[in-house]
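Only one structure is covered here, and it is reproduced in the block below.
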Amino acid sequence: MERPQNTLTSSTIVAHLSDIFGHSGAQQYLGEPVTMAQHMLQAASLADQQGRSKTVVAAALLHDIGHFTNDFGTFSMADTLDLKHETYGANVLAPFFPEKVTQCVRHHVAAKRYLCATRPAYFSQLSDASVHSLKLQGGAMNADEVCEFETNPHLKEIIQVRLLDDTGKVANLKTYPFVYFQTLLQSLVDEHCG
């Protein structure tokens with residue numbers, strides 16, 4: 001059973017995240033051919049298989065957790081407002097995970113806007129659902145936004161998580177289960193919380 005967020009501790013946060021995956025992960029993912037859990041597990045499994053850092057693997061796994069921790073529910077193709085899931089997710093994770101993880105979660109939406117502005121071919125690779133959410137999120141960044149975004153010290157990792165996010169939409173793809181990542185997540189929590 002999911003725990004109230006205001007009672008979370010460094011020893012319960014990973015179990016709480018596991019509960020979310022178990023109880024809510026079966027929801028359909030934003031008009032894609034995968035569930036929410038499948039999407040995030042695909043991103044994390046690919047990050048692990050590519051030998052990415054622990055922080056990138058964790059951020060890939062948790063980048064969309066805000067769809068379950070915000071006040072509005074998950075995104076749908078009928079939405080006309082951005083639900084800011086990246087902010088909600090980062091806020092839940094911030095007390096427990098290193099800044100690099102939470103920065104990747106907080107800025108994975110901005111990274112889509114950034115890549116649309118700086119890599120012309122990137123937009124054509126987006127799914128219909130991702131194009132729809134991009135419109136709600138402000139579209140491609142303007143030149144000033146690009147310059148500001150490039151000052152983020154975690155830019156490289158944020159872009160890695162964004163690109164992993166884009167790949168996690170394959171129907172019936174085998175992934176590692178959430179339990180595979182629990183030791184990695186807890187080690188990051190322990191490092192951050194001392």
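Order determines the names: the first chain of the structure tokens is A, the second B, and so forth; residues in each chain are numbered 1 upward, and ligands are numbered 1 upward as they are shown.
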### Task
Skip stretch 109-120 of chain A itself and residues of its chain fewer than 5 positions away, then list as a list in words all residues within 7 Å of it, counting only C-alpha atoms.
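Residues near the query, excluding close chain neighbours: Glu86, Gly139, Ala140, Met141, Val146, Ile158, Ile159 and Arg162 of chain A.
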Export N, CA and C atoms of the chosen residues as a compact mmCIF listing (two decimals), in the first residue's frame?
```
# COMPACT_ATOMS: atom_id res chain seq x y z
N GLU A 86 7.04 16.78 -14.06
CA GLU A 86 8.47 16.78 -13.77
C GLU A 86 8.79 17.49 -12.46
N GLY A 139 6.57 24.34 -26.34
CA GLY A 139 7.22 24.20 -27.64
C GLY A 139 8.73 24.28 -27.54
N ALA A 140 9.38 24.37 -28.68
CA ALA A 140 10.84 24.46 -28.71
C ALA A 140 11.31 25.71 -27.97
N MET A 141 12.45 25.60 -27.30
CA MET A 141 13.01 26.75 -26.59
C MET A 141 13.40 27.85 -27.56
N VAL A 146 17.57 28.49 -24.50
CA VAL A 146 18.65 27.56 -24.81
C VAL A 146 19.92 27.95 -24.06
N ILE A 158 21.08 15.12 -18.05
CA ILE A 158 19.68 15.46 -18.35
C ILE A 158 19.34 15.04 -19.78
N ILE A 159 20.23 15.33 -20.72
CA ILE A 159 20.01 14.95 -22.13
C ILE A 159 19.99 13.43 -22.26
N ARG A 162 16.65 12.26 -21.15
CA ARG A 162 15.63 12.61 -22.13
C ARG A 162 15.63 11.61 -23.30
```
### Task
Would you please give, as a PyMOL selection string, all residues of stretch 15-189 of chain A that DSSP assigns to alpha helix (DSSP H) based on the backbone?
chain A and resi 15-24+36-49+54-62+66-69+85-93+99-118+128-136+143-149+155-167+178-189
### Task
Compare A:Phe149, A:Phe181, A:Tyr29, A:Phe21 by their minimum atom-to-atom distance to A:Thr55, counting only C-alpha atoms, and give me the closest one.
A:Phe181
Need the shell around stretch 39-43 of chain A: protein/DNA/RNA residues with any atom at most 9 Å away, counting only C-alpha atoms. Skip same-chain ones fewer than 3 positions apart. Format as a PDB file with N, CA, C and O atoms, in the first residue's frame?
```pdb
ATOM      1  N   TYR A  29       0.405   4.611 -20.783  1.00  0.00           N
ATOM      2  CA  TYR A  29       1.342   5.724 -20.816  1.00  0.00           C
ATOM      3  C   TYR A  29       1.031   6.678 -21.967  1.00  0.00           C
ATOM      4  O   TYR A  29       1.346   6.404 -23.112  1.00  0.00           O
ATOM      5  N   GLU A  32       0.743   5.947 -25.607  1.00  0.00           N
ATOM      6  CA  GLU A  32       1.783   5.092 -26.190  1.00  0.00           C
ATOM      7  C   GLU A  32       1.378   3.622 -26.039  1.00  0.00           C
ATOM      8  O   GLU A  32       0.480   3.305 -25.265  1.00  0.00           O
ATOM      9  N   VAL A  34       2.551   1.262 -24.383  1.00  0.00           N
ATOM     10  CA  VAL A  34       3.127   0.682 -23.165  1.00  0.00           C
ATOM     11  C   VAL A  34       2.420   1.272 -21.949  1.00  0.00           C
ATOM     12  O   VAL A  34       1.772   2.321 -22.040  1.00  0.00           O
ATOM     13  N   THR A  35       2.578   0.598 -20.812  1.00  0.00           N
ATOM     14  CA  THR A  35       2.071   1.161 -19.560  1.00  0.00           C
ATOM     15  C   THR A  35       3.098   2.125 -18.991  1.00  0.00           C
ATOM     16  O   THR A  35       4.246   2.185 -19.454  1.00  0.00           O
ATOM     17  N   MET A  36       2.704   2.855 -17.970  1.00  0.00           N
ATOM     18  CA  MET A  36       3.634   3.775 -17.306  1.00  0.00           C
ATOM     19  C   MET A  36       4.855   3.028 -16.769  1.00  0.00           C
ATOM     20  O   MET A  36       5.989   3.461 -16.949  1.00  0.00           O
ATOM     21  N   LEU A  46      17.487   0.118 -20.451  1.00  0.00           N
ATOM     22  CA  LEU A  46      18.401   0.528 -21.515  1.00  0.00           C
ATOM     23  C   LEU A  46      19.590   1.294 -20.938  1.00  0.00           C
ATOM     24  O   LEU A  46      20.738   1.063 -21.338  1.00  0.00           O
ATOM     25  N   ALA A  47      19.339   2.176 -19.985  1.00  0.00           N
ATOM     26  CA  ALA A  47      20.433   2.918 -19.348  1.00  0.00           C
ATOM     27  C   ALA A  47      21.420   1.962 -18.698  1.00  0.00           C
ATOM     28  O   ALA A  47      22.648   2.109 -18.825  1.00  0.00           O
ATOM     29  N   ASP A  48      20.898   0.951 -18.009  1.00  0.00           N
ATOM     30  CA  ASP A  48      21.750  -0.039 -17.360  1.00  0.00           C
ATOM     31  C   ASP A  48      22.545  -0.828 -18.395  1.00  0.00           C
ATOM     32  O   ASP A  48      23.758  -1.031 -18.242  1.00  0.00           O
ATOM     33  N   VAL A  57      20.727   5.928 -14.473  1.00  0.00           N
ATOM     34  CA  VAL A  57      19.821   4.776 -14.408  1.00  0.00           C
ATOM     35  C   VAL A  57      18.643   5.099 -13.493  1.00  0.00           C
ATOM     36  O   VAL A  57      17.480   4.876 -13.843  1.00  0.00           O
ATOM     37  N   ALA A  60      16.381   7.729 -15.073  1.00  0.00           N
ATOM     38  CA  ALA A  60      15.603   7.140 -16.167  1.00  0.00           C
ATOM     39  C   ALA A  60      14.433   6.335 -15.604  1.00  0.00           C
ATOM     40  O   ALA A  60      13.325   6.386 -16.133  1.00  0.00           O
ATOM     41  N   LEU A  61      14.673   5.624 -14.517  1.00  0.00           N
ATOM     42  CA  LEU A  61      13.623   4.829 -13.888  1.00  0.00           C
ATOM     43  C   LEU A  61      12.532   5.706 -13.292  1.00  0.00           C
ATOM     44  O   LEU A  61      11.351   5.377 -13.360  1.00  0.00           O
ATOM     45  N   LEU A  62      12.914   6.836 -12.721  1.00  0.00           N
ATOM     46  CA  LEU A  62      11.989   7.656 -11.933  1.00  0.00           C
ATOM     47  C   LEU A  62      11.538   8.938 -12.624  1.00  0.00           C
ATOM     48  O   LEU A  62      10.795   9.730 -12.046  1.00  0.00           O
ATOM     49  N   HIS A  63      11.934   9.151 -13.873  1.00  0.00           N
ATOM     50  CA  HIS A  63      11.698  10.453 -14.505  1.00  0.00           C
ATOM     51  C   HIS A  63      10.218  10.831 -14.586  1.00  0.00           C
ATOM     52  O   HIS A  63       9.881  12.009 -14.540  1.00  0.00           O
ATOM     53  N   ASP A  64       9.332   9.860 -14.677  1.00  0.00           N
ATOM     54  CA  ASP A  64       7.904  10.166 -14.803  1.00  0.00           C
ATOM     55  C   ASP A  64       7.109   9.869 -13.531  1.00  0.00           C
ATOM     56  O   ASP A  64       5.875   9.827 -13.567  1.00  0.00           O
ATOM     57  N   ILE A  65       7.784   9.701 -12.416  1.00  0.00           N
ATOM     58  CA  ILE A  65       7.090   9.364 -11.167  1.00  0.00           C
ATOM     59  C   ILE A  65       6.101  10.467 -10.770  1.00  0.00           C
ATOM     60  O   ILE A  65       5.111  10.220 -10.091  1.00  0.00           O
ATOM     61  N   VAL A 161      19.014  11.247 -20.045  1.00  0.00           N
ATOM     62  CA  VAL A 161      17.720  10.770 -19.537  1.00  0.00           C
ATOM     63  C   VAL A 161      16.616  11.083 -20.533  1.00  0.00           C
ATOM     64  O   VAL A 161      15.725  10.259 -20.780  1.00  0.00           O
ATOM     65  N   LEU A 163      16.801  11.290 -23.795  1.00  0.00           N
ATOM     66  CA  LEU A 163      16.895  10.378 -24.932  1.00  0.00           C
ATOM     67  C   LEU A 163      16.462   8.962 -24.535  1.00  0.00           C
ATOM     68  O   LEU A 163      15.842   8.251 -25.335  1.00  0.00           O
ATOM     69  N   LEU A 164      16.757   8.567 -23.302  1.00  0.00           N
ATOM     70  CA  LEU A 164      16.281   7.277 -22.799  1.00  0.00           C
ATOM     71  C   LEU A 164      14.764   7.294 -22.683  1.00  0.00           C
ATOM     72  O   LEU A 164      14.091   6.303 -23.001  1.00  0.00           O
ATOM     73  N   ASP A 165      14.218   8.403 -22.220  1.00  0.00           N
ATOM     74  CA  ASP A 165      12.768   8.581 -22.129  1.00  0.00           C
ATOM     75  C   ASP A 165      12.130   8.342 -23.501  1.00  0.00           C
ATOM     76  O   ASP A 165      11.129   7.636 -23.626  1.00  0.00           O
ATOM     77  N   ASP A 166      12.721   8.895 -24.522  1.00  0.00           N
ATOM     78  CA  ASP A 166      12.168   8.773 -25.874  1.00  0.00           C
ATOM     79  C   ASP A 166      12.187   7.340 -26.392  1.00  0.00           C
ATOM     80  O   ASP A 166      11.376   6.986 -27.255  1.00  0.00           O
ATOM     81  N   THR A 167      13.100   6.510 -25.883  1.00  0.00           N
ATOM     82  CA  THR A 167      13.199   5.135 -26.384  1.00  0.00           C
ATOM     83  C   THR A 167      12.261   4.174 -25.658  1.00  0.00           C
ATOM     84  O   THR A 167      12.014   3.075 -26.151  1.00  0.00           O
ATOM     85  N   GLY A 168      11.734   4.562 -24.502  1.00  0.00           N
ATOM     86  CA  GLY A 168      10.956   3.651 -23.668  1.00  0.00           C
ATOM     87  C   GLY A 168       9.495   3.532 -24.065  1.00  0.00           C
ATOM     88  O   GLY A 168       8.616   3.681 -23.217  1.00  0.00           O
ATOM     89  N   LYS A 169       9.236   3.232 -25.311  1.00  0.00           N
ATOM     90  CA  LYS A 169       7.856   3.205 -25.808  1.00  0.00           C
ATOM     91  C   LYS A 169       7.623   2.033 -26.754  1.00  0.00           C
ATOM     92  O   LYS A 169       6.863   2.119 -27.709  1.00  0.00           O
ATOM     93  N   VAL A 170       8.278   0.915 -26.481  1.00  0.00           N
ATOM     94  CA  VAL A 170       8.236  -0.244 -27.372  1.00  0.00           C
ATOM     95  C   VAL A 170       7.312  -1.308 -26.780  1.00  0.00           C
ATOM     96  O   VAL A 170       7.554  -1.802 -25.677  1.00  0.00           O
ATOM     97  N   LEU A 173       8.396  -5.113 -25.006  1.00  0.00           N
ATOM     98  CA  LEU A 173       9.842  -5.215 -24.820  1.00  0.00           C
ATOM     99  C   LEU A 173      10.136  -5.755 -23.425  1.00  0.00           C
ATOM    100  O   LEU A 173       9.587  -5.274 -22.436  1.00  0.00           O
ATOM    101  N   LYS A 174      11.014  -6.748 -23.330  1.00  0.00           N
ATOM    102  CA  LYS A 174      11.379  -7.305 -22.027  1.00  0.00           C
ATOM    103  C   LYS A 174      12.301  -6.326 -21.305  1.00  0.00           C
ATOM    104  O   LYS A 174      13.211  -5.751 -21.911  1.00  0.00           O
ATOM    105  N   THR A 175      12.053  -6.152 -20.012  1.00  0.00           N
ATOM    106  CA  THR A 175      12.866  -5.255 -19.202  1.00  0.00           C
ATOM    107  C   THR A 175      13.218  -5.938 -17.893  1.00  0.00           C
ATOM    108  O   THR A 175      12.668  -6.984 -17.545  1.00  0.00           O
ATOM    109  N   TYR A 176      14.126  -5.313 -17.159  1.00  0.00           N
ATOM    110  CA  TYR A 176      14.358  -5.735 -15.781  1.00  0.00           C
ATOM    111  C   TYR A 176      13.149  -5.306 -14.957  1.00  0.00           C
ATOM    112  O   TYR A 176      12.554  -4.264 -15.225  1.00  0.00           O
ATOM    113  N   PRO A 177      12.784  -6.065 -13.925  1.00  0.00           N
ATOM    114  CA  PRO A 177      11.691  -5.640 -13.045  1.00  0.00           C
ATOM    115  C   PRO A 177      12.180  -4.557 -12.084  1.00  0.00           C
ATOM    116  O   PRO A 177      13.388  -4.349 -11.916  1.00  0.00           O
ATOM    117  N   PHE A 178      11.241  -3.889 -11.432  1.00  0.00           N
ATOM    118  CA  PHE A 178      11.609  -2.826 -10.496  1.00  0.00           C
ATOM    119  C   PHE A 178      12.575  -3.327  -9.427  1.00  0.00           C
ATOM    120  O   PHE A 178      13.514  -2.629  -9.050  1.00  0.00           O
TER     121      PHE A 178
END
```
### Query
Could you name the residues that touch stretch 97-99 of chain A at 9 Å or less, counting only C-alpha atoms, but leaving out those on the same chain fewer than 4 positions away, as an NGL selection string?
:A and (55 or 93 or 103-104 or 185 or 188-193)
### Task
Could you give me, as a list in words, the residues within 7 Å of A:Ala129, counting only C-alpha atoms and dropping anything in the same chain fewer than 3 positions from it?
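Contacts, in chain order: Leu30, Gly31, Met77, His132 and Ser133 of chain A.
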### Task
Mind giving me the straight-line distance from atom CA of A:Ser11 to atom CA of A:Gln160 in Å, one decimal?
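Straight-line distance from atom CA of A:Ser11 to atom CA of A:Gln160 works out to 28.2 Å.
Ranking A:Asn142, A:Asn172, A:Thr102, A:Thr87 by their shortest atom-to-atom distance to A:Ala59, with only C-alpha atoms included, puts A:Thr102 first.
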#### Entry: Of the listed residues A:Val105, A:Leu134, A:Ala171, A:Val179, that which approaches A:Leu17 most closely, counting only C-alpha atoms
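Residue with the minimum atom-to-atom distance to A:Leu17: A:Val179.
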### Among listed residues A:Lys156, A:Gly138, A:Ser10, A:Thr183, nearest A:Ala58 (using only C-alpha atoms)
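Of all the options, A:Thr183 lies closest to A:Ala58.
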### Query
Of the candidates A:Lys54, A:His107, A:Phe68, A:Ser127, which one gets nearest to A:Asp19 if we count only C-alpha atoms?
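The answer is A:Phe68, which sits nearest to A:Asp19.
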